[in-house]
Each structure stands twice: as C-alpha cells, then as structure tokens.
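> My structure is stored as upload09.cif, with mmCIF, N, CA and C atoms and all ligand atoms.
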```cif
data_protein
loop_
_atom_site.label_atom_id
_atom_site.label_comp_id
_atom_site.auth_asym_id
_atom_site.auth_seq_id
_atom_site.Cartn_x
_atom_site.Cartn_y
_atom_site.Cartn_z
N MET A 1 33.81 99.23 -52.42
CA MET A 1 34.02 98.97 -53.83
C MET A 1 34.27 97.48 -54.01
N ARG A 2 33.60 96.90 -54.96
CA ARG A 2 33.73 95.47 -55.23
C ARG A 2 34.90 95.25 -56.19
N GLN A 3 35.79 94.33 -55.81
CA GLN A 3 36.94 94.03 -56.65
C GLN A 3 37.02 92.53 -56.90
N GLN A 4 37.59 92.15 -58.01
CA GLN A 4 37.84 90.75 -58.31
C GLN A 4 39.18 90.66 -59.03
N LEU A 5 39.82 89.50 -58.92
CA LEU A 5 41.13 89.29 -59.54
C LEU A 5 40.95 88.47 -60.81
N LEU A 6 41.28 89.04 -61.98
CA LEU A 6 41.19 88.36 -63.27
C LEU A 6 42.55 88.41 -63.93
N SER A 7 43.09 87.26 -64.31
CA SER A 7 44.37 87.18 -65.01
C SER A 7 45.47 87.96 -64.29
N GLY A 8 45.51 87.90 -62.99
CA GLY A 8 46.55 88.57 -62.22
C GLY A 8 46.32 90.05 -62.01
N LYS A 9 45.26 90.65 -62.58
CA LYS A 9 44.98 92.07 -62.40
C LYS A 9 43.74 92.23 -61.54
N THR A 10 43.78 93.19 -60.65
CA THR A 10 42.62 93.49 -59.84
C THR A 10 41.65 94.33 -60.66
N VAL A 11 40.45 93.82 -60.81
CA VAL A 11 39.43 94.53 -61.57
C VAL A 11 38.35 94.97 -60.60
N ALA A 12 37.92 96.21 -60.72
CA ALA A 12 36.87 96.74 -59.86
C ALA A 12 35.77 97.33 -60.72
N THR A 13 34.67 97.65 -60.10
CA THR A 13 33.53 98.24 -60.79
C THR A 13 33.41 99.71 -60.41
N CYS A 14 33.34 100.57 -61.42
CA CYS A 14 33.20 102.01 -61.19
C CYS A 14 31.86 102.30 -60.53
N SER A 15 31.89 103.05 -59.45
CA SER A 15 30.65 103.38 -58.75
C SER A 15 29.83 104.43 -59.49
N HIS A 16 30.44 105.09 -60.48
CA HIS A 16 29.73 106.13 -61.23
C HIS A 16 29.07 105.57 -62.50
N CYS A 17 29.83 104.83 -63.33
CA CYS A 17 29.29 104.36 -64.62
C CYS A 17 29.07 102.85 -64.67
N GLY A 18 29.59 102.11 -63.69
CA GLY A 18 29.39 100.66 -63.66
C GLY A 18 30.39 99.86 -64.47
N LYS A 19 31.36 100.53 -65.10
CA LYS A 19 32.36 99.87 -65.93
C LYS A 19 33.32 99.04 -65.06
N LYS A 20 33.69 97.84 -65.55
CA LYS A 20 34.69 97.01 -64.87
C LYS A 20 36.04 97.27 -65.53
N SER A 21 37.05 97.57 -64.71
CA SER A 21 38.36 97.92 -65.25
C SER A 21 39.42 97.82 -64.16
N PRO A 22 40.69 97.55 -64.57
CA PRO A 22 41.77 97.62 -63.58
C PRO A 22 42.16 99.08 -63.27
N LEU A 23 41.67 100.04 -64.07
CA LEU A 23 41.99 101.46 -63.86
C LEU A 23 40.87 102.17 -63.12
N ILE A 24 40.53 101.65 -61.95
CA ILE A 24 39.54 102.28 -61.08
C ILE A 24 40.24 102.58 -59.77
N SER A 25 40.20 103.83 -59.38
CA SER A 25 40.87 104.25 -58.16
C SER A 25 40.25 103.56 -56.94
N GLN A 26 41.08 102.93 -56.15
CA GLN A 26 40.58 102.32 -54.92
C GLN A 26 40.15 103.40 -53.92
N SER A 27 40.78 104.57 -53.99
CA SER A 27 40.44 105.65 -53.07
C SER A 27 39.12 106.32 -53.43
N LEU A 28 38.90 106.55 -54.74
CA LEU A 28 37.71 107.27 -55.18
C LEU A 28 36.57 106.34 -55.58
N GLY A 29 36.89 105.15 -56.04
CA GLY A 29 35.86 104.20 -56.48
C GLY A 29 35.31 104.50 -57.85
N VAL A 30 35.96 105.38 -58.60
CA VAL A 30 35.51 105.70 -59.95
C VAL A 30 36.62 105.41 -60.95
N CYS A 31 36.21 105.18 -62.21
CA CYS A 31 37.17 104.83 -63.25
C CYS A 31 37.87 106.07 -63.81
N LEU A 32 38.95 105.80 -64.50
CA LEU A 32 39.74 106.88 -65.08
C LEU A 32 38.93 107.68 -66.10
N ASP A 33 38.10 107.00 -66.87
CA ASP A 33 37.27 107.71 -67.86
C ASP A 33 36.35 108.71 -67.19
N CYS A 34 35.73 108.32 -66.08
CA CYS A 34 34.82 109.24 -65.38
C CYS A 34 35.58 110.42 -64.80
N ILE A 35 36.78 110.17 -64.28
CA ILE A 35 37.59 111.27 -63.74
C ILE A 35 37.95 112.24 -64.84
N ARG A 36 38.36 111.71 -66.00
CA ARG A 36 38.83 112.57 -67.09
C ARG A 36 37.70 113.26 -67.84
N ARG A 37 36.52 112.72 -67.80
CA ARG A 37 35.41 113.24 -68.59
C ARG A 37 34.85 114.55 -68.03
N ASP A 38 35.00 114.76 -66.75
CA ASP A 38 34.34 115.89 -66.10
C ASP A 38 35.27 117.10 -66.00
N PHE A 39 35.08 118.05 -66.90
CA PHE A 39 35.84 119.28 -66.84
C PHE A 39 35.03 120.38 -66.15
N GLY A 40 33.88 120.00 -65.61
CA GLY A 40 32.99 120.97 -64.98
C GLY A 40 33.64 121.71 -63.83
N LYS A 41 34.44 121.00 -63.04
CA LYS A 41 35.09 121.66 -61.89
C LYS A 41 36.11 122.68 -62.37
N VAL A 42 36.86 122.35 -63.41
CA VAL A 42 37.84 123.29 -63.96
C VAL A 42 37.12 124.53 -64.45
N SER A 43 36.01 124.33 -65.15
CA SER A 43 35.24 125.46 -65.66
C SER A 43 34.66 126.30 -64.53
N GLN A 44 34.15 125.65 -63.49
CA GLN A 44 33.57 126.38 -62.37
C GLN A 44 34.61 127.21 -61.64
N ILE A 45 35.76 126.62 -61.41
CA ILE A 45 36.85 127.36 -60.73
C ILE A 45 37.28 128.55 -61.59
N ALA A 46 37.46 128.30 -62.89
CA ALA A 46 37.89 129.37 -63.80
C ALA A 46 36.83 130.47 -63.88
N ALA A 47 35.56 130.10 -63.91
CA ALA A 47 34.49 131.10 -63.98
C ALA A 47 34.48 131.97 -62.72
N PHE A 48 34.66 131.33 -61.58
CA PHE A 48 34.71 132.10 -60.32
C PHE A 48 35.88 133.07 -60.33
N MET A 49 37.06 132.58 -60.70
CA MET A 49 38.25 133.43 -60.73
C MET A 49 38.06 134.57 -61.73
N SER A 50 37.50 134.25 -62.88
CA SER A 50 37.28 135.26 -63.92
C SER A 50 36.29 136.33 -63.47
N SER A 51 35.31 135.93 -62.64
CA SER A 51 34.33 136.91 -62.15
C SER A 51 34.99 137.92 -61.21
N LEU A 52 36.09 137.51 -60.59
CA LEU A 52 36.82 138.41 -59.69
C LEU A 52 37.77 139.31 -60.47
N ASN A 53 38.53 138.67 -61.37
CA ASN A 53 39.52 139.40 -62.15
C ASN A 53 40.01 138.50 -63.28
N HIS A 54 39.98 138.98 -64.53
CA HIS A 54 40.39 138.16 -65.68
C HIS A 54 41.89 137.87 -65.71
N ASP A 55 42.67 138.57 -64.89
CA ASP A 55 44.12 138.40 -64.91
C ASP A 55 44.66 137.54 -63.77
N ILE A 56 43.81 136.90 -63.00
CA ILE A 56 44.28 136.01 -61.94
C ILE A 56 44.95 134.79 -62.60
N PRO A 57 46.19 134.46 -62.23
CA PRO A 57 46.85 133.30 -62.83
C PRO A 57 46.25 132.00 -62.33
N TYR A 58 46.12 131.02 -63.23
CA TYR A 58 45.54 129.71 -62.91
C TYR A 58 46.44 128.64 -63.53
N ALA A 59 47.15 127.90 -62.69
CA ALA A 59 48.04 126.83 -63.17
C ALA A 59 47.36 125.48 -62.97
N LEU A 60 47.19 124.74 -64.06
CA LEU A 60 46.60 123.40 -64.01
C LEU A 60 47.75 122.41 -63.88
N LEU A 61 47.77 121.69 -62.75
CA LEU A 61 48.89 120.80 -62.48
C LEU A 61 48.54 119.36 -62.81
N ALA A 62 49.50 118.64 -63.36
CA ALA A 62 49.32 117.23 -63.70
C ALA A 62 49.29 116.40 -62.42
N PHE A 63 48.42 115.40 -62.42
CA PHE A 63 48.38 114.46 -61.30
C PHE A 63 49.53 113.48 -61.43
N HIS A 64 50.19 113.19 -60.30
CA HIS A 64 51.23 112.16 -60.25
C HIS A 64 51.03 111.35 -58.98
N PRO A 65 50.84 110.05 -59.09
CA PRO A 65 50.51 109.23 -57.91
C PRO A 65 51.71 108.95 -57.00
N ASP A 66 52.06 109.91 -56.15
CA ASP A 66 53.17 109.71 -55.22
C ASP A 66 52.74 109.19 -53.86
N PHE A 67 51.55 109.52 -53.41
CA PHE A 67 51.12 109.13 -52.07
C PHE A 67 49.88 108.23 -52.14
N LEU A 68 48.76 108.78 -52.56
CA LEU A 68 47.53 108.01 -52.70
C LEU A 68 47.20 107.84 -54.18
N MET A 69 46.27 106.97 -54.44
CA MET A 69 45.79 106.68 -55.79
C MET A 69 46.93 106.24 -56.70
N GLY A 70 47.83 105.44 -56.17
CA GLY A 70 48.94 104.91 -56.95
C GLY A 70 48.50 103.95 -58.04
N ASP A 71 47.22 103.62 -58.05
CA ASP A 71 46.70 102.73 -59.06
C ASP A 71 46.23 103.47 -60.31
N LEU A 72 46.42 104.79 -60.34
CA LEU A 72 46.02 105.58 -61.51
C LEU A 72 47.25 106.14 -62.21
N PRO A 73 47.19 106.26 -63.55
CA PRO A 73 48.33 106.85 -64.28
C PRO A 73 48.38 108.36 -64.12
N THR A 74 49.47 108.97 -64.58
CA THR A 74 49.58 110.42 -64.54
C THR A 74 48.57 111.04 -65.51
N THR A 75 48.34 112.32 -65.36
CA THR A 75 47.45 113.05 -66.27
C THR A 75 48.02 112.98 -67.68
N SER A 76 47.14 112.76 -68.65
CA SER A 76 47.60 112.70 -70.05
C SER A 76 47.70 114.11 -70.63
N ALA A 77 48.53 114.25 -71.67
CA ALA A 77 48.66 115.53 -72.36
C ALA A 77 47.31 115.94 -72.96
N TYR A 78 46.57 114.96 -73.45
CA TYR A 78 45.25 115.25 -74.03
C TYR A 78 44.32 115.84 -72.97
N HIS A 79 44.26 115.21 -71.80
CA HIS A 79 43.39 115.68 -70.72
C HIS A 79 43.80 117.08 -70.27
N ALA A 80 45.09 117.32 -70.15
CA ALA A 80 45.59 118.64 -69.74
C ALA A 80 45.17 119.70 -70.75
N GLN A 81 45.27 119.38 -72.04
CA GLN A 81 44.88 120.35 -73.08
C GLN A 81 43.39 120.64 -73.02
N GLU A 82 42.58 119.60 -72.80
CA GLU A 82 41.12 119.80 -72.69
C GLU A 82 40.79 120.68 -71.48
N ALA A 83 41.47 120.46 -70.36
CA ALA A 83 41.24 121.27 -69.16
C ALA A 83 41.67 122.72 -69.41
N LEU A 84 42.78 122.89 -70.11
CA LEU A 84 43.27 124.24 -70.45
C LEU A 84 42.23 124.99 -71.28
N GLU A 85 41.67 124.32 -72.27
CA GLU A 85 40.66 124.96 -73.13
C GLU A 85 39.39 125.26 -72.34
N ALA A 86 39.01 124.38 -71.42
CA ALA A 86 37.81 124.61 -70.59
C ALA A 86 38.01 125.84 -69.71
N ALA A 87 39.21 126.00 -69.17
CA ALA A 87 39.50 127.16 -68.32
C ALA A 87 39.57 128.44 -69.15
N ARG A 88 40.20 128.38 -70.32
CA ARG A 88 40.31 129.58 -71.17
C ARG A 88 38.95 130.02 -71.70
N ALA A 89 38.03 129.09 -71.82
CA ALA A 89 36.67 129.43 -72.29
C ALA A 89 35.95 130.34 -71.30
N GLN A 90 36.47 130.41 -70.08
CA GLN A 90 35.86 131.27 -69.06
C GLN A 90 36.52 132.65 -69.03
N GLU A 91 37.28 132.96 -70.08
CA GLU A 91 37.88 134.29 -70.26
C GLU A 91 38.92 134.64 -69.21
N LEU A 92 39.61 133.63 -68.73
CA LEU A 92 40.78 133.89 -67.89
C LEU A 92 41.97 134.03 -68.82
N GLY A 93 42.75 135.10 -68.64
CA GLY A 93 43.84 135.36 -69.57
C GLY A 93 45.17 134.74 -69.22
N ARG A 94 45.33 134.26 -67.99
CA ARG A 94 46.65 133.76 -67.57
C ARG A 94 46.57 132.30 -67.10
N VAL A 95 46.02 131.45 -67.93
CA VAL A 95 45.90 130.03 -67.62
C VAL A 95 47.05 129.28 -68.28
N ARG A 96 47.65 128.35 -67.55
CA ARG A 96 48.74 127.56 -68.12
C ARG A 96 48.73 126.16 -67.52
N ILE A 97 49.38 125.24 -68.20
CA ILE A 97 49.56 123.89 -67.68
C ILE A 97 50.90 123.86 -66.96
N GLY A 98 50.88 123.44 -65.70
CA GLY A 98 52.12 123.33 -64.93
C GLY A 98 52.69 121.93 -65.02
N ASN A 99 53.85 121.73 -64.48
CA ASN A 99 54.61 120.47 -64.47
C ASN A 99 54.34 119.58 -65.69
N ILE A 100 54.59 120.15 -66.84
CA ILE A 100 54.35 119.47 -68.12
C ILE A 100 55.14 118.17 -68.23
N HIS A 101 56.29 118.10 -67.56
CA HIS A 101 57.14 116.91 -67.64
C HIS A 101 56.45 115.68 -67.06
N LEU A 102 55.37 115.86 -66.25
CA LEU A 102 54.66 114.72 -65.67
C LEU A 102 53.57 114.16 -66.57
N LEU A 103 53.22 114.89 -67.63
CA LEU A 103 52.10 114.47 -68.48
C LEU A 103 52.42 113.15 -69.17
N GLY A 104 51.42 112.27 -69.19
CA GLY A 104 51.57 110.98 -69.85
C GLY A 104 51.00 111.02 -71.25
N ASP A 105 51.07 109.88 -71.92
CA ASP A 105 50.57 109.83 -73.31
C ASP A 105 49.27 109.05 -73.44
N ALA A 106 48.68 108.62 -72.33
CA ALA A 106 47.40 107.93 -72.40
C ALA A 106 46.31 108.92 -72.78
N CYS A 107 45.23 108.43 -73.34
CA CYS A 107 44.12 109.32 -73.72
C CYS A 107 43.23 109.62 -72.54
ZN ZN A 201 33.28 105.24 -64.60
#
```
Would you mind writing the file out in structure tokens?


Amino acid sequence: MRQQLLSGKTVATCSHCGKKSPLISQSLGVCLDCIRRDFGKVSQIAAFMSSLNHDIPYALLAFHPDFLMGDLPTTSAYHAQEALEAARAQELGRVRIGNIHLLGDAC
C-alpha cells in the first residue's frame, strides 16, 4: 500500500476505489467507505443461517480497534443499523446488535 505524509497525517490510497484518505486500514489496504459500503457478507451469512432455521440467533458486534487496525474508528451506529436491516431482510427472527456501547457517531 502506498502511503504519503501530508500535514502530519499519513495518507494512503485505497486499493479498492483509489481514494486517498487517512482512514485507510494499513492491514486491509481499503478505505473506511469501502468497508462500510458492503453489506453483502452480512446478507450472505444471514441467508445461510435463515436457510437452516429462521430462529438461529445472530448478534452483529461493533468493531473496536484493540489489537489490529488501530487506524480505523469503531463501527458507527448508522452502519450497525444498516447491517441489522440487511440481516433482517433475510427473514432471520433473532438478529440484534451487540456491544452497543462501542458504537461511534461517524457515518
Ligand atoms: Zn475505498
């Protein structure tokens, strides 16, 4: 991943969309927008679980950078709500957002 230092902030280029930003994970090489935009995995997991049993519990946990990817913020409340709706659209009846206290206010 190519990085440059501008005004004291490390700026990198997203390997997915090409955007330059200080909010690009050094571990993943992709920007926060690309990470948040893709609810496909949540939907796929929920669809698989729903195909087995509509009552399987599914807890969506907020990301918190304790070990790796410390350069990314916590999951936003908006992103968590979008993921919740994507999972519920797959007809799973017991979907919830876990560790709500970690949710941030970024979009
Ligand atoms: Zn991107």

> Using Å and a single decimal, report how far CA of Ser43 in chain A sits from atom N of Ala89 in chain A.

7.7 Å

> Please give me, as a PDB file with N, CA and C atoms, in the coordinates of the input, the residues lying within 6 Å of ligand ZN 201 (chain A) when counting only N, CA and C atoms and all ligand atoms.


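File out23.pdb, as written:
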```
ATOM      1  N   CYS A  14      33.340 100.570 -61.420  1.00  0.00           N
ATOM      2  CA  CYS A  14      33.200 102.010 -61.190  1.00  0.00           C
ATOM      3  C   CYS A  14      31.860 102.300 -60.530  1.00  0.00           C
ATOM      4  N   SER A  15      31.890 103.050 -59.450  1.00  0.00           N
ATOM      5  CA  SER A  15      30.650 103.380 -58.750  1.00  0.00           C
ATOM      6  C   SER A  15      29.830 104.430 -59.490  1.00  0.00           C
ATOM      7  N   HIS A  16      30.440 105.090 -60.480  1.00  0.00           N
ATOM      8  CA  HIS A  16      29.730 106.130 -61.230  1.00  0.00           C
ATOM      9  C   HIS A  16      29.070 105.570 -62.500  1.00  0.00           C
ATOM     10  N   CYS A  17      29.830 104.830 -63.330  1.00  0.00           N
ATOM     11  CA  CYS A  17      29.290 104.360 -64.620  1.00  0.00           C
ATOM     12  C   CYS A  17      29.070 102.850 -64.670  1.00  0.00           C
ATOM     13  N   GLY A  18      29.590 102.110 -63.690  1.00  0.00           N
ATOM     14  CA  GLY A  18      29.390 100.660 -63.660  1.00  0.00           C
ATOM     15  C   GLY A  18      30.390  99.860 -64.470  1.00  0.00           C
ATOM     16  N   LYS A  19      31.360 100.530 -65.100  1.00  0.00           N
ATOM     17  CA  LYS A  19      32.360  99.870 -65.930  1.00  0.00           C
ATOM     18  C   LYS A  19      33.320  99.040 -65.060  1.00  0.00           C
ATOM     19  N   VAL A  30      35.960 105.380 -58.600  1.00  0.00           N
ATOM     20  CA  VAL A  30      35.510 105.700 -59.950  1.00  0.00           C
ATOM     21  C   VAL A  30      36.620 105.410 -60.950  1.00  0.00           C
ATOM     22  N   CYS A  31      36.210 105.180 -62.210  1.00  0.00           N
ATOM     23  CA  CYS A  31      37.170 104.830 -63.250  1.00  0.00           C
ATOM     24  C   CYS A  31      37.870 106.070 -63.810  1.00  0.00           C
ATOM     25  N   LEU A  32      38.950 105.800 -64.500  1.00  0.00           N
ATOM     26  CA  LEU A  32      39.740 106.880 -65.080  1.00  0.00           C
ATOM     27  C   LEU A  32      38.930 107.680 -66.100  1.00  0.00           C
ATOM     28  N   ASP A  33      38.100 107.000 -66.870  1.00  0.00           N
ATOM     29  CA  ASP A  33      37.270 107.710 -67.860  1.00  0.00           C
ATOM     30  C   ASP A  33      36.350 108.710 -67.190  1.00  0.00           C
ATOM     31  N   CYS A  34      35.730 108.320 -66.080  1.00  0.00           N
ATOM     32  CA  CYS A  34      34.820 109.240 -65.380  1.00  0.00           C
ATOM     33  C   CYS A  34      35.580 110.420 -64.800  1.00  0.00           C
TER      34      CYS A  34
END
```

> By how many Å are CA of Ala87 in chain A and CA of Gly40 in chain A apart?

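Going from CA of Ala87 in chain A over to CA of Gly40 in chain A covers 9.6 Å.
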
> As a ChimeraX atom specification, please: every residue in chain A that DSSP puts in alpha helix (DSSP H).

/A:32-37,40-52,77-88

> Write out as a list of chain:residue names the residues lying within 8 Å of range 58-60 of chain A, counting all atoms listed in the file and excluding same-chain residues fewer than 4 positions away.

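Non-adjacent residues within range: A:Ala46, A:Ala80, A:Ala83, A:Leu84, A:Leu92, A:Gly93, A:Arg94, A:Val95, A:Arg96, A:Ile97, A:Gly98, A:Asn99, A:Ile100.
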
> Skipping near chain neighbours, those fewer than 2 positions away, what residues fall within 12 Å of range 69-71 of chain A using only C-alpha atoms, listed as a PyMOL selection string?

chain A and resi 9-12+21-32+63-67+73-74

> Taking the chain letters and numbering used in this document, name the residues of range 3-80 of chain A that DSSP puts in strand (DSSP E), as a compact mmCIF listing (two decimals) with N, CA and C atoms, keeping the file's coordinate frame.


```txt
# COMPACT_ATOMS: atom_id res chain seq x y z
N GLN A 3 35.79 94.33 -55.81
CA GLN A 3 36.94 94.03 -56.65
C GLN A 3 37.02 92.53 -56.90
N GLN A 4 37.59 92.15 -58.01
CA GLN A 4 37.84 90.75 -58.31
C GLN A 4 39.18 90.66 -59.03
N LEU A 5 39.82 89.50 -58.92
CA LEU A 5 41.13 89.29 -59.54
C LEU A 5 40.95 88.47 -60.81
N LEU A 6 41.28 89.04 -61.98
CA LEU A 6 41.19 88.36 -63.27
C LEU A 6 42.55 88.41 -63.93
N LYS A 9 45.26 90.65 -62.58
CA LYS A 9 44.98 92.07 -62.40
C LYS A 9 43.74 92.23 -61.54
N THR A 10 43.78 93.19 -60.65
CA THR A 10 42.62 93.49 -59.84
C THR A 10 41.65 94.33 -60.66
N VAL A 11 40.45 93.82 -60.81
CA VAL A 11 39.43 94.53 -61.57
C VAL A 11 38.35 94.97 -60.60
N ALA A 12 37.92 96.21 -60.72
CA ALA A 12 36.87 96.74 -59.86
C ALA A 12 35.77 97.33 -60.72
N THR A 13 34.67 97.65 -60.10
CA THR A 13 33.53 98.24 -60.79
C THR A 13 33.41 99.71 -60.41
N LYS A 20 33.69 97.84 -65.55
CA LYS A 20 34.69 97.01 -64.87
C LYS A 20 36.04 97.27 -65.53
N SER A 21 37.05 97.57 -64.71
CA SER A 21 38.36 97.92 -65.25
C SER A 21 39.42 97.82 -64.16
N TYR A 58 46.12 131.02 -63.23
CA TYR A 58 45.54 129.71 -62.91
C TYR A 58 46.44 128.64 -63.53
N ALA A 59 47.15 127.90 -62.69
CA ALA A 59 48.04 126.83 -63.17
C ALA A 59 47.36 125.48 -62.97
N LEU A 60 47.19 124.74 -64.06
CA LEU A 60 46.60 123.40 -64.01
C LEU A 60 47.75 122.41 -63.88
```

> Might I get the box with edges along x, y and z of the file that holds all atoms of range 87-97 of chain A listed there, padded by 4 Å on every side, given as centre and edge lengths in Å to one decimal, as JSON?


```
{"center_x": 43.4, "center_y": 129.6, "center_z": -69.6, "size_x": 23.0, "size_y": 19.5, "size_z": 13.3}
```

> Could you check how far atom N of Glu85 in chain A sits from atom C of Leu52 in chain A, in Å to one decimal?

19.5 Å

> Within 7 Å of (47.7, 110.0, -70.1), in the coordinates the file gives, what residues turn up when you count only N, CA and C atoms, written out as a JSON list (two decimals) with N, CA and C atoms, keeping the file's coordinate frame?


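Saved as selection-v6.json:
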```json
[["chain", "number", "residue", "atom", "x", "y", "z"],
["A", 73, "PRO", "N", 47.19, 106.26, -63.55],
["A", 73, "PRO", "CA", 48.33, 106.85, -64.28],
["A", 73, "PRO", "C", 48.38, 108.36, -64.12],
["A", 74, "THR", "N", 49.47, 108.97, -64.58],
["A", 74, "THR", "CA", 49.58, 110.42, -64.54],
["A", 74, "THR", "C", 48.57, 111.04, -65.51],
["A", 75, "THR", "N", 48.34, 112.32, -65.36],
["A", 75, "THR", "CA", 47.45, 113.05, -66.27],
["A", 75, "THR", "C", 48.02, 112.98, -67.68],
["A", 76, "SER", "N", 47.14, 112.76, -68.65],
["A", 76, "SER", "CA", 47.60, 112.70, -70.05],
["A", 76, "SER", "C", 47.70, 114.11, -70.63],
["A", 77, "ALA", "N", 48.53, 114.25, -71.67],
["A", 77, "ALA", "CA", 48.66, 115.53, -72.36],
["A", 77, "ALA", "C", 47.31, 115.94, -72.96],
["A", 78, "TYR", "N", 46.57, 114.96, -73.45],
["A", 78, "TYR", "CA", 45.25, 115.25, -74.03],
["A", 78, "TYR", "C", 44.32, 115.84, -72.97],
["A", 79, "HIS", "N", 44.26, 115.21, -71.80],
["A", 79, "HIS", "CA", 43.39, 115.68, -70.72],
["A", 79, "HIS", "C", 43.80, 117.08, -70.27],
["A", 103, "LEU", "N", 53.22, 114.89, -67.63],
["A", 103, "LEU", "CA", 52.10, 114.47, -68.48],
["A", 103, "LEU", "C", 52.42, 113.15, -69.17],
["A", 104, "GLY", "N", 51.42, 112.27, -69.19],
["A", 104, "GLY", "CA", 51.57, 110.98, -69.85],
["A", 104, "GLY", "C", 51.00, 111.02, -71.25],
["A", 105, "ASP", "N", 51.07, 109.88, -71.92],
["A", 105, "ASP", "CA", 50.57, 109.83, -73.31],
["A", 105, "ASP", "C", 49.27, 109.05, -73.44],
["A", 106, "ALA", "N", 48.68, 108.62, -72.33],
["A", 106, "ALA", "CA", 47.40, 107.93, -72.40],
["A", 106, "ALA", "C", 46.31, 108.92, -72.78],
["A", 107, "CYS", "N", 45.23, 108.43, -73.34],
["A", 107, "CYS", "CA", 44.12, 109.32, -73.72],
["A", 107, "CYS", "C", 43.23, 109.62, -72.54]]
```

> When you count only C-alpha atoms, which of these residues is closest to Ile35 in chain A: A:Pro57, A:Thr13, A:Leu72, A:Ala47?

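Of all the options, A:Leu72 lies closest to Ile35 in chain A.
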
> Calculated over all atoms listed in the file, which of the candidates A:Phe48, A:Lys20, A:Leu102, A:Asp38 has the smallest distance to Gln90 in chain A?

A:Phe48
